[in-house]
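Heads up, input.txt below (compact mmCIF, C-alpha atoms):
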# COMPACT_ATOMS: atom_id res chain seq x y z
CA MET A 253 39.58 31.28 37.35
CA SER A 254 37.01 28.83 36.10
CA HIS A 255 36.36 30.65 32.82
CA HIS A 256 37.59 33.50 30.68
CA VAL A 257 35.57 36.72 30.56
CA SER A 258 35.63 38.61 27.27
CA VAL A 259 35.00 42.36 27.26
CA THR A 260 32.64 41.83 24.32
CA THR A 261 30.21 40.22 26.78
CA LEU A 262 30.31 43.26 29.09
CA PRO A 263 28.06 46.33 28.68
CA PRO A 264 29.78 48.75 26.26
CA ASP A 265 29.01 51.72 28.52
CA GLY A 266 30.18 50.01 31.69
CA GLU A 267 28.11 49.67 34.84
CA LYS A 268 26.32 52.46 36.68
CA LEU A 269 25.74 52.57 40.40
CA GLN A 270 22.31 51.22 41.38
CA ILE A 271 21.52 54.36 43.33
CA THR A 272 18.26 53.00 44.72
CA LYS A 273 20.26 50.59 46.87
CA PHE A 274 22.01 53.53 48.54
CA THR A 275 19.11 55.95 48.92
CA SER A 276 18.82 55.44 52.67
CA TRP A 277 22.57 55.77 53.19
CA ARG A 278 22.67 58.92 51.08
CA SER A 279 19.89 60.47 53.17
CA ILE A 280 21.62 59.51 56.43
CA PHE A 281 24.91 60.96 55.24
CA LEU A 282 23.24 64.19 54.08
CA ILE A 283 21.36 64.72 57.35
CA THR A 284 24.51 63.96 59.34
CA ALA A 285 26.55 66.37 57.23
CA ILE A 286 24.06 69.24 57.52
CA ALA A 287 23.65 68.77 61.27
CA GLY A 288 27.41 68.44 61.74
CA ILE A 289 28.23 71.53 59.69
CA ALA A 290 25.68 73.56 61.66
CA ALA A 291 27.07 72.31 64.98
CA SER A 292 30.66 72.92 63.81
CA ALA A 293 29.87 76.47 62.75
CA PHE A 294 28.26 77.16 66.13
CA LEU A 295 31.18 75.71 68.09
CA LEU A 296 33.94 77.34 66.04
CA LEU A 297 32.21 80.71 66.39
CA SER A 298 31.66 80.24 70.12
CA PRO A 299 33.78 82.33 72.49
CA GLY A 300 36.55 80.98 74.69
CA LYS A 301 37.41 77.36 75.29
CA LEU A 302 34.51 75.86 73.36
CA ALA A 303 35.98 76.95 70.03
CA ASP A 304 39.53 76.23 71.23
CA ALA A 305 38.70 72.65 72.23
CA TYR A 306 36.57 71.93 69.18
CA ALA A 307 39.25 73.19 66.78
CA PHE A 308 41.46 70.25 67.82
CA SER A 309 38.59 67.83 67.16
CA TYR A 310 38.00 69.46 63.79
CA LEU A 311 41.66 69.13 62.80
CA PHE A 312 41.63 65.46 63.83
CA ALA A 313 38.63 64.73 61.59
CA LEU A 314 40.08 66.72 58.69
CA GLU A 315 43.40 64.87 58.90
CA VAL A 316 41.68 61.46 58.91
CA PHE A 317 39.74 62.09 55.70
CA PHE A 318 42.48 64.11 54.02
CA THR A 319 45.01 61.29 54.46
CA ILE A 320 42.58 58.70 53.12
CA THR A 321 41.85 60.85 50.06
CA ALA A 322 45.53 61.64 49.53
CA GLY A 323 46.26 57.92 49.70
CA ALA A 324 43.67 57.29 46.99
CA THR A 325 45.48 59.83 44.82
CA PHE A 326 48.71 57.93 45.40
CA TRP A 327 47.18 54.65 44.26
CA VAL A 328 45.78 56.21 41.09
CA LEU A 329 49.16 57.76 40.32
CA LEU A 330 50.96 54.50 41.03
CA HIS A 331 48.56 52.42 38.93
CA ASN A 332 49.08 54.71 35.95
CA ALA A 333 52.82 55.24 36.38
CA SER A 334 53.49 51.51 36.74
CA ASN A 335 51.18 50.64 33.82
CA SER A 336 49.19 48.35 36.09
CA SER A 337 46.73 46.09 34.31
CA TRP A 338 45.21 44.22 37.27
CA GLY A 339 44.11 47.49 38.88
CA VAL A 340 42.02 48.66 35.91
CA ALA A 341 38.90 46.89 37.23
CA ILE A 342 38.93 48.77 40.56
CA ARG A 343 40.72 51.98 39.49
CA ARG A 344 37.55 54.05 39.13
CA ILE A 345 36.97 53.81 42.89
CA PRO A 346 40.13 55.69 43.97
CA GLU A 347 39.69 57.97 40.94
CA SER A 348 36.29 58.96 42.32
CA MET A 349 37.70 59.38 45.82
CA THR A 350 40.19 61.98 44.58
CA GLN A 351 37.28 64.25 43.66
CA LEU A 352 36.38 64.57 47.33
CA PHE A 353 39.25 66.98 47.90
CA LEU A 354 36.81 69.71 46.86
CA PRO A 355 34.26 69.26 49.70
CA LEU A 356 37.14 68.65 52.13
CA PHE A 357 38.69 71.95 51.06
CA PHE A 358 35.53 73.88 51.88
CA LEU A 359 35.28 72.11 55.22
CA ALA A 360 38.91 73.04 55.96
CA LEU A 361 38.46 76.76 55.28
CA PRO A 362 37.20 77.74 58.77
CA LEU A 363 40.23 76.14 60.37
CA PHE A 364 42.89 77.88 58.27
CA THR A 365 41.07 81.06 57.14
CA PRO A 366 43.27 81.69 54.07
CA PHE A 367 43.67 85.27 52.82
CA VAL A 368 42.69 86.59 56.27
CA PRO A 369 45.40 88.83 57.82
CA LEU A 370 47.23 87.52 60.86
CA LYS A 371 45.66 89.99 63.26
CA HIS A 372 42.16 88.84 62.24
CA LYS A 373 42.84 85.11 62.52
CA PRO A 374 40.46 83.37 64.95
CA GLU A 375 41.77 82.82 68.47
CA PHE A 376 41.53 79.03 68.21
CA MET A 377 44.25 79.05 65.54
CA GLY A 378 46.65 80.30 68.20
CA LYS A 379 45.65 77.39 70.43
CA VAL A 380 46.00 74.69 67.79
CA TRP A 381 49.22 76.18 66.44
CA GLU A 382 50.95 77.99 69.30
CA TRP A 383 53.31 79.83 66.98
CA VAL A 384 50.35 81.66 65.40
CA ALA A 385 49.46 83.13 68.80
CA ILE A 386 53.08 84.18 69.37
CA HIS A 387 53.21 85.85 65.96
CA LYS A 388 49.99 87.75 66.73
CA GLN A 389 51.30 88.80 70.13
CA VAL A 390 54.57 90.12 68.66
CA MET A 391 52.70 92.02 65.93
CA GLU A 392 50.21 93.57 68.37
CA ALA A 393 52.80 94.48 71.02
CA PRO A 394 56.20 94.57 69.30
CA PRO A 395 59.31 94.72 71.48
CA LEU A 396 61.09 98.05 71.78
CA ASN A 397 62.85 99.30 68.63
CA THR A 398 61.29 96.63 66.37
CA THR A 399 58.94 97.22 63.47
CA THR A 400 58.63 93.85 61.71
CA LEU A 401 57.66 90.38 62.81
CA ALA A 402 61.16 89.07 62.13
CA GLU A 403 62.73 91.80 64.26
CA GLY A 404 60.22 91.21 67.03
CA LEU A 405 60.92 87.47 67.14
CA ALA A 406 64.68 88.03 67.02
CA ALA A 407 64.55 90.52 69.89
CA SER A 408 63.51 87.93 72.48
CA HIS A 409 65.48 84.86 73.51
CA GLY A 410 62.21 82.96 74.03
CA THR A 411 61.23 83.35 70.38
CA THR A 412 64.64 82.78 68.78
CA LEU A 413 63.57 79.37 67.45
CA LEU A 414 60.50 80.88 65.80
CA TYR A 415 62.70 83.56 64.26
CA LYS A 416 64.91 80.88 62.72
CA LYS A 417 61.83 79.02 61.40
CA LEU A 418 60.09 82.17 60.17
CA PRO A 419 61.02 81.67 56.46
CA TYR A 420 58.67 78.67 56.51
CA LEU A 421 56.52 78.86 59.64
CA HIS A 422 54.33 81.90 59.04
CA THR A 423 50.97 82.97 57.64
CA GLY A 424 52.40 85.15 54.91
CA ILE A 425 55.45 87.42 54.82
CA GLY A 426 57.33 89.06 51.95
CA GLY A 427 54.99 87.60 49.34
CA LEU A 428 55.77 84.02 50.41
CA PRO A 429 52.78 81.66 50.83
CA GLY A 430 52.13 80.98 54.51
CA MET A 431 50.61 77.89 56.07
CA ASP A 432 47.07 79.00 55.23
CA ILE A 433 47.87 79.67 51.56
CA ARG A 434 49.91 76.46 51.33
CA MET A 435 46.75 74.64 52.39
CA VAL A 436 45.01 76.05 49.31
CA ILE A 437 47.97 75.00 47.14
CA PHE A 438 48.02 71.45 48.54
CA PHE A 439 44.30 70.94 48.02
CA GLY A 440 44.43 72.57 44.59
CA LEU A 441 47.31 70.48 43.26
CA LEU A 442 45.92 67.20 44.60
CA PHE A 443 42.41 67.92 43.32
CA LEU A 444 43.72 68.93 39.88
CA THR A 445 45.84 65.77 39.78
CA GLY A 446 42.86 63.56 40.50
CA SER A 447 40.61 65.48 38.10
CA LYS A 448 43.14 65.23 35.27
CA LEU A 449 43.56 61.48 35.70
CA LEU A 450 39.82 60.94 35.98
CA GLY A 451 39.42 63.04 32.81
CA TYR A 452 41.84 60.79 30.92
CA SER A 453 39.96 57.73 32.13
CA LEU A 454 36.53 59.08 31.20
CA SER A 455 37.67 60.19 27.74
CA GLN A 456 38.97 56.67 27.17
CA ASP A 457 35.57 55.27 28.17
CA LYS A 458 34.03 57.17 25.24
CA THR A 459 36.61 56.34 22.56
CA GLY A 460 38.41 53.18 23.67
CA ALA A 461 41.63 54.73 22.33
CA VAL A 462 44.98 53.83 23.85
CA GLN A 463 46.37 57.38 23.84
CA PRO A 464 44.79 58.38 27.21
CA THR A 465 46.69 55.53 28.83
CA PHE A 466 50.02 56.94 27.60
CA SER A 467 49.03 60.47 28.59
CA ALA A 468 47.97 59.35 32.07
CA ARG A 469 51.23 57.45 32.49
CA ARG A 470 53.38 60.47 31.60
CA PHE A 471 51.28 62.76 33.77
CA SER A 472 51.44 60.38 36.74
CA CYS A 473 55.22 60.01 36.55
CA GLY A 474 55.54 63.78 36.66
CA MET A 475 53.00 64.27 39.46
CA LEU A 476 54.26 61.60 41.86
CA PRO A 477 56.96 63.98 43.24
CA VAL A 478 54.33 66.72 43.50
CA PHE A 479 52.10 64.37 45.48
CA ALA A 480 55.02 63.49 47.76
CA VAL A 481 55.69 67.19 48.47
CA CYS A 482 52.03 68.00 49.13
CA SER A 483 51.47 64.98 51.37
CA THR A 484 54.67 65.56 53.34
CA PHE A 485 54.31 69.27 53.93
CA ALA A 486 50.60 69.05 54.71
CA GLY A 487 51.53 66.71 57.57
CA ILE A 488 54.29 69.07 58.70
CA ASP A 489 52.08 72.17 58.50
CA TRP A 490 48.94 70.80 60.10
CA VAL A 491 50.19 68.26 62.65
CA MET A 492 53.91 68.54 63.34
CA SER A 493 53.86 72.33 63.67
CA MET A 494 51.24 72.12 66.41
CA ASN A 495 54.29 71.91 68.65
CA TYR A 496 56.72 74.13 66.79
CA THR A 497 59.68 73.06 68.97
CA TRP A 498 59.34 69.40 67.92
CA PHE A 499 60.66 67.98 64.67
CA SER A 500 61.17 64.64 62.97
CA THR A 501 62.68 64.04 59.55
CA MET A 502 60.54 60.89 59.19
CA PHE A 503 57.20 62.41 60.10
CA GLY A 504 56.13 63.02 56.51
CA VAL A 505 56.91 59.41 55.56
CA ASN A 506 55.03 58.24 58.64
CA ILE A 507 51.96 60.19 57.53
CA PHE A 508 52.28 58.78 54.00
CA ALA A 509 52.56 55.18 55.23
CA GLY A 510 49.34 55.45 57.21
CA SER A 511 47.68 57.33 54.35
CA ALA A 512 48.45 54.70 51.71
CA LEU A 513 47.44 51.88 54.06
CA ALA A 514 44.12 53.42 55.12
CA SER A 515 43.17 54.41 51.57
CA MET A 516 43.74 50.87 50.25
CA ALA A 517 41.57 49.63 53.12
CA ALA A 518 38.91 52.17 52.10
CA VAL A 519 39.05 50.99 48.48
CA ILE A 520 38.61 47.39 49.66
CA LEU A 521 35.58 48.36 51.74
CA ILE A 522 33.97 50.31 48.90
CA VAL A 523 34.62 47.59 46.30
CA GLY A 524 33.40 44.91 48.71
CA THR A 525 30.23 46.86 49.47
CA LEU A 526 29.52 47.27 45.76
CA VAL A 527 30.08 43.56 45.16
CA LYS A 528 27.71 42.68 47.99
CA THR A 529 25.05 44.98 46.52
CA GLY A 530 25.14 43.29 43.14
CA HIS A 531 27.72 45.38 41.30
CA PHE A 532 30.97 44.37 39.55
CA LYS A 533 29.61 41.04 38.25
CA HIS A 534 32.26 39.36 36.06
CA ILE A 535 34.56 42.34 36.82
CA VAL A 536 35.93 41.89 40.34
CA THR A 537 36.89 38.43 41.56
CA GLU A 538 38.71 36.90 44.50
CA GLU A 539 41.92 37.52 42.57
CA HIS A 540 41.38 41.26 43.01
CA TYR A 541 40.64 40.81 46.71
CA HIS A 542 43.90 38.90 46.96
CA LEU A 543 45.92 41.59 45.20
CA MET A 544 44.39 44.43 47.21
CA GLY A 545 44.87 42.40 50.37
CA LYS A 546 48.55 41.89 49.54
CA LEU A 547 49.04 45.62 49.03
CA MET A 548 47.31 46.35 52.33
CA HIS A 549 49.48 43.72 54.03
CA ALA A 550 52.62 45.23 52.51
CA PHE A 551 51.78 48.68 53.84
CA ILE A 552 50.98 47.28 57.28
CA ILE A 553 54.62 46.15 57.32
CA PHE A 554 55.85 49.41 55.80
CA TRP A 555 53.99 51.48 58.39
CA ALA A 556 55.50 49.41 61.19
CA TYR A 557 58.99 49.88 59.76
CA ILE A 558 58.61 53.66 59.48
CA ALA A 559 56.90 54.10 62.86
CA PHE A 560 59.53 52.01 64.62
CA SER A 561 62.36 53.78 62.80
CA GLN A 562 61.08 57.20 63.86
CA PHE A 563 60.70 56.08 67.47
CA PHE A 564 64.05 54.28 67.55
CA LEU A 565 66.03 57.19 66.10
CA ILE A 566 64.46 59.65 68.52
CA TRP A 567 64.95 57.29 71.47
CA TYR A 568 68.58 56.62 70.52
CA ALA A 569 69.48 60.29 70.04
CA ASN A 570 67.66 61.24 73.26
CA ILE A 571 67.42 64.94 72.35
CA PRO A 572 64.80 66.70 74.50
CA GLU A 573 63.38 68.65 71.54
CA GLU A 574 62.67 65.33 69.80
CA THR A 575 61.66 63.11 72.71
CA GLN A 576 58.93 65.47 73.93
CA PHE A 577 56.53 64.08 71.32
CA TYR A 578 56.72 60.59 72.79
CA ALA A 579 57.09 61.84 76.35
CA ILE A 580 53.62 63.41 76.15
CA ARG A 581 52.12 60.30 74.59
CA ASN A 582 53.83 57.82 76.90
CA THR A 583 52.46 59.34 80.11
CA ASN A 584 49.10 59.10 81.87
CA GLY A 585 46.26 57.64 79.81
CA TRP A 586 48.00 58.14 76.47
CA TRP A 587 50.52 55.41 77.30
CA TYR A 588 47.83 52.76 76.85
CA LEU A 589 46.95 54.03 73.39
CA SER A 590 50.64 54.24 72.44
CA LEU A 591 51.08 50.61 73.46
CA ALA A 592 47.85 49.55 71.77
CA LEU A 593 48.98 51.00 68.44
CA VAL A 594 51.91 48.60 68.37
CA PHE A 595 49.55 45.64 68.42
CA LEU A 596 46.48 47.06 66.69
CA HIS A 597 48.27 48.85 63.85
CA PHE A 598 50.77 46.10 63.15
CA ALA A 599 50.74 42.80 65.05
CA VAL A 600 47.05 41.89 64.80
CA PRO A 601 46.39 42.72 61.11
CA PHE A 602 49.84 41.41 60.12
CA VAL A 603 49.16 37.97 61.58
CA ILE A 604 45.62 37.76 60.21
CA MET A 605 46.68 38.75 56.69
CA LEU A 606 49.55 36.28 56.57
CA LYS A 607 47.16 33.54 55.48
CA ARG A 608 46.41 33.42 51.78
CA ASP A 609 42.77 32.59 52.46
CA SER A 610 42.36 35.79 54.49
CA LYS A 611 43.23 37.84 51.44
CA ARG A 612 40.97 35.91 49.06
CA ASN A 613 37.85 35.84 51.25
CA LEU A 614 35.77 38.99 50.78
CA ASN A 615 34.30 39.02 54.28
CA ALA A 616 37.70 38.48 55.89
CA VAL A 617 39.56 41.11 53.87
CA MET A 618 36.74 43.63 54.41
CA ALA A 619 36.81 42.99 58.16
CA VAL A 620 40.54 43.62 58.28
CA ALA A 621 40.14 46.72 56.09
CA ALA A 622 37.52 48.16 58.47
CA PHE A 623 39.83 47.40 61.39
CA VAL A 624 42.76 49.12 59.64
CA ILE A 625 40.71 52.29 59.03
CA PHE A 626 39.59 52.32 62.67
CA VAL A 627 43.20 52.03 63.86
CA HIS A 628 44.27 54.74 61.40
CA MET A 629 41.72 57.00 63.09
CA LEU A 630 43.23 56.09 66.45
CA GLU A 631 46.71 56.97 65.21
CA ILE A 632 45.62 60.39 63.92
CA TYR A 633 43.80 60.93 67.22
CA TRP A 634 47.01 60.01 69.05
CA MET A 635 48.95 62.51 66.96
CA VAL A 636 46.56 65.46 67.32
CA ILE A 637 44.53 65.32 70.50
CA PRO A 638 47.30 65.15 73.17
CA GLU A 639 48.27 68.65 72.06
CA ARG A 640 44.86 69.89 73.21
CA ALA A 641 45.60 69.15 76.86
CA ARG A 642 48.96 70.91 76.57
CA ALA A 643 47.61 73.95 74.69
CA LEU A 644 44.55 74.46 76.89
CA GLU A 645 46.53 73.77 80.06
CA TYR A 646 44.45 70.88 81.28
CA GLY A 647 45.42 69.22 84.52
CA SER A 648 47.99 66.47 84.11
CA SER A 649 46.22 63.97 86.35
CA SER A 650 43.77 62.75 83.71
CA GLY A 651 46.05 62.95 80.69
CA LEU A 652 43.01 63.72 78.54
CA GLY A 653 41.77 66.92 80.13
CA THR A 654 39.34 67.85 82.86
CA ASP A 655 36.51 68.27 80.33
CA PHE A 656 36.91 64.71 79.15
CA PHE A 657 33.31 63.89 78.19
CA ARG A 658 32.79 67.26 76.50
CA ASP A 659 35.93 66.78 74.43
CA ILE A 660 34.96 63.23 73.45
CA LEU A 661 31.59 64.57 72.30
CA PHE A 662 33.38 67.26 70.30
CA ASP A 663 35.59 64.62 68.67
CA LEU A 664 32.51 62.60 67.72
CA VAL A 665 30.67 65.62 66.30
CA ALA A 666 33.67 66.63 64.18
CA PHE A 667 34.20 63.11 62.89
CA LEU A 668 30.53 62.65 61.99
CA THR A 669 30.54 66.01 60.20
CA PHE A 670 33.33 64.90 57.91
CA ALA A 671 32.06 61.32 57.60
CA GLY A 672 28.57 62.47 56.60
CA THR A 673 29.92 64.94 54.04
CA TYR A 674 32.43 62.45 52.67
CA GLY A 675 29.89 59.63 52.39
CA PHE A 676 27.28 61.78 50.66
CA PHE A 677 29.67 63.15 48.04
CA LEU A 678 31.28 59.74 47.50
CA ILE A 679 27.92 58.16 46.60
CA ARG A 680 27.16 61.16 44.40
CA GLN A 681 30.50 60.84 42.62
CA LEU A 682 30.23 57.08 42.10
CA ALA A 683 26.80 57.55 40.52
CA LYS A 684 28.12 59.93 37.86
CA HIS A 685 30.13 57.49 35.76
CA SER A 686 30.71 53.82 35.11
CA LEU A 687 32.04 52.01 38.17
CA TYR A 688 34.98 50.71 36.15
CA PRO A 689 36.99 52.08 33.17
CA CYS A 690 34.98 50.37 30.46
CA GLY A 691 37.11 51.80 27.64
CA ASP A 692 40.54 50.82 28.94
CA PRO A 693 42.26 48.40 26.52
CA ARG A 694 43.61 46.45 29.51
CA LEU A 695 40.18 45.76 31.02
CA GLU A 696 40.01 42.20 29.71
CA GLU A 697 43.44 41.45 31.15
CA SER A 698 42.32 42.94 34.45
CA VAL A 699 39.07 41.00 34.85
CA ASN A 700 40.89 37.75 34.06
CA VAL A 701 43.89 38.39 36.29
CA VAL A 702 45.31 35.46 38.25
CA SER A 703 47.27 36.28 41.39
Just dump the structure as C-alpha cells.
Amino acid sequence: MSHHVSVTTLPPDGEKLQITKFTSWRSIFLITAIAGIAASAFLLLSPGKLADAYAFSYLFALEVFFTITAGATFWVLLHNASNSSWGVAIRRIPESMTQLFLPLFFLALPLFTPFVPLKHKPEFMGKVWEWVAIHKQVMEAPPLNTTTLAEGLAASHGTTLLYKKLPYLHTGIGGLPGMDIRMVIFFGLLFLTGSKLLGYSLSQDKTGAVQPTFSARRFSCGMLPVFAVCSTFAGIDWVMSMNYTWFSTMFGVNIFAGSALASMAAVILIVGTLVKTGHFKHIVTEEHYHLMGKLMHAFIIFWAYIAFSQFFLIWYANIPEETQFYAIRNTNGWWYLSLALVFLHFAVPFVIMLKRDSKRNLNAVMAVAAFVIFVHMLEIYWMVIPERARALEYGSSSGLGTDFFRDILFDLVAFLTFAGTYGFFLIRQLAKHSLYPCGDPRLEESVNVVS
C-alpha cells in the first residue's frame, strides 16, 4: 500500500449506508417481493398440478438463498474462530447477511407447514417428497392388522425401505422432531448464531473493548460443529430426500462446498457495489479483493474435488440405488447441463482466477463472483428440478416436462420472490449499523493488510 491508514483518522462511529443511493433498488425489491409473495400464495393454494409444479420451483429458490445465507454464517464463524484480522474490514457484510434467515424462514413456512398434522399436509408436499405421500396413504388406509405408521410401512414389501428410514424420515413420531420441525430448528440455530455474533460485534463498536473478540471466538469454535450439522441435514432433508431411495454420504459436503463458494461471491459483489457507490473509503483496498478472490478460488477447487469425488465413488460402485441420481441428470436435456457444470462451475472460473491481477481488479473479481453465483443457481436447479418431471410423471421425450414454458415461468416467479425479499431486507439490514466493525481492535491491521 502507498500509505498507512490510522484508525484515528476514521469516523469514530464507523460508516453508515448512504441509503439515498439505494432508494430505487429498495423500491424495486419491495415491489418484486410483494408481487412474488402474492403470486406464490395463489399458486401454492391452487388445486392440482399448478401447486405441485410450483412447489418444486419454490424449493429451488429457497435452497439457493438458504445456502448463500448459510455460507455467510460459515464465514463469520470462521473469521472469529481463526482470529482473522484481515477480514475485520468486510466482516459486517456477512454478519448482516446472517440476519436474513428470519425472512427466509417465513417464506419457507408454506412449503414445510410445521406443526401441521400429517393428514392435513398440503398435497404438493407429497409430490416434492414422495415419502410424505406414502406416509399419508398408509395412515389413511392402513394395511390389514396394522394400527401405526411403522406397522403399516413394515407390512408391505414396497415400503420396507421407508420403514427402515422411519426413525429419521418422518414428519413427527414418538415425540421426535420430523422434517418440518427440524426445519424450524435449523433456521432457529443458524439465526441465533448469526444474531449472537452480530451482537458481540455491535457491542464492541460501542465500547472498543477486546472482550467481545474473545467471546465471539469461543462461541464460534463451539458453534462450527452446530453449523455443520444444520447445513448437512438441511441438504439431506430438503433435497436428497426428494428421492428417498437415493443416498450419498458426500451430499452434505457437496452442498456446503457450493454454499461457501457462492456466499463468498455474494460478499464480493456486495462489498464491490458499496465501494463503487462511494463507501468503504480507506477501509477496503485491492488487498481485500485479492484475499476474497483467493478464498473464492480455493472453494472453486474444493467444490470440484467434492463433486468429482461424489460422482467417481458412485460411478465406481455402480449400485443402482446410487447411480439413479446421475442417470436422471445424464439423460435427455439434463445431460447438457450436467456437462456444462463441469466447465462453468470449475474450469472457466478456475482459469480466470489463476492470474493474480484477476483477484486484485475489482471489476474482474466482481464479474467472476456474479458468474459463480449464477452457476450456483444452475447447480441447485440441476439438483431439484429434474425430480419434478419424475414426480409429476412428465413424458420422457423432453426431459424437462411437457409444460416446459409454464414451469420455466414458475421457476422465474419463485426466484424473483426470494430475490426481491432478500434484496429488500439486505439493504434494510445494512442501513441499521456501521458497514464495518468500527470498534474492533484489529481494524487498523485489517485496513492496512498486505496480501
Q.
Neighbouring residues of range 414-428 of chain A were defined as those with any atom within 12 Å, considering only C-alpha atoms; residues of the same chain fewer than 6 positions away were excluded. Please report them as a PyMOL selection string.
A. chain A and resi 364-373+377-378+381-388+390+400-408+434-435+485+488-490+492-499
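Using all atoms listed in the file for every distance, the candidate list A:Glu315, A:Ala671, A:Ile604, A:Phe443 yields A:Ile604 as the residue closest to Ala619 in chain A.
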Please check which residues have atoms at most 12 Å from (61.2, 57.4, 75.3) in the file's coordinates, counting only C-alpha atoms, and write them as a short mmCIF file (atom, residue, chain, number, x, y, z; two decimals) with C-alpha atoms, in the coordinates of the input.
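Below is the file that was written, result.cif:
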data_model
loop_
_atom_site.label_atom_id
_atom_site.label_comp_id
_atom_site.auth_asym_id
_atom_site.auth_seq_id
_atom_site.Cartn_x
_atom_site.Cartn_y
_atom_site.Cartn_z
CA GLN A 562 61.08 57.20 63.86
CA PHE A 563 60.70 56.08 67.47
CA PHE A 564 64.05 54.28 67.55
CA LEU A 565 66.03 57.19 66.10
CA ILE A 566 64.46 59.65 68.52
CA TRP A 567 64.95 57.29 71.47
CA TYR A 568 68.58 56.62 70.52
CA ALA A 569 69.48 60.29 70.04
CA ASN A 570 67.66 61.24 73.26
CA ILE A 571 67.42 64.94 72.35
CA PRO A 572 64.80 66.70 74.50
CA GLU A 574 62.67 65.33 69.80
CA THR A 575 61.66 63.11 72.71
CA GLN A 576 58.93 65.47 73.93
CA PHE A 577 56.53 64.08 71.32
CA TYR A 578 56.72 60.59 72.79
CA ALA A 579 57.09 61.84 76.35
CA ILE A 580 53.62 63.41 76.15
CA ARG A 581 52.12 60.30 74.59
CA ASN A 582 53.83 57.82 76.90
CA THR A 583 52.46 59.34 80.11
CA TRP A 587 50.52 55.41 77.30
CA SER A 590 50.64 54.24 72.44
#
Using only C-alpha atoms, what does the table of range 571-673 of chain A residues within 8 Å of range 288-312 of chain A look like, with each row giving the shortest atom pair and its distance in Å to one decimal, sorted by chain and ascending number, as a tab-separated table?
residue	atom	partner	partner_atom	distance
A:Ile632	CA	A:Phe312	CA	6.5
A:Tyr633	CA	A:Phe312	CA	6.1
A:Val636	CA	A:Phe312	CA	6.0
A:Ile637	CA	A:Phe308	CA	6.4
A:Arg640	CA	A:Phe308	CA	6.4
A:Leu644	CA	A:Ala305	CA	7.7
A:Asp659	CA	A:Ala305	CA	6.9
A:Phe662	CA	A:Tyr306	CA	5.8
A:Asp663	CA	A:Ser309	CA	4.6
A:Val665	CA	A:Gly288	CA	6.3
A:Ala666	CA	A:Tyr310	CA	5.2
A:Phe667	CA	A:Tyr310	CA	7.5
A:Leu668	CA	A:Gly288	CA	6.6
A:Thr669	CA	A:Gly288	CA	4.3
A:Phe670	CA	A:Gly288	CA	7.9
A:Gly672	CA	A:Gly288	CA	8.0
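Note that CA of Thr537 in chain A and CA of Val702 in chain A are 9.5 Å apart.
Distances to Ala341 in chain A were evaluated for A:Tyr674, A:Phe466, A:Tyr688, A:Phe353 using only C-alpha atoms, and the minimum falls at A:Tyr688.
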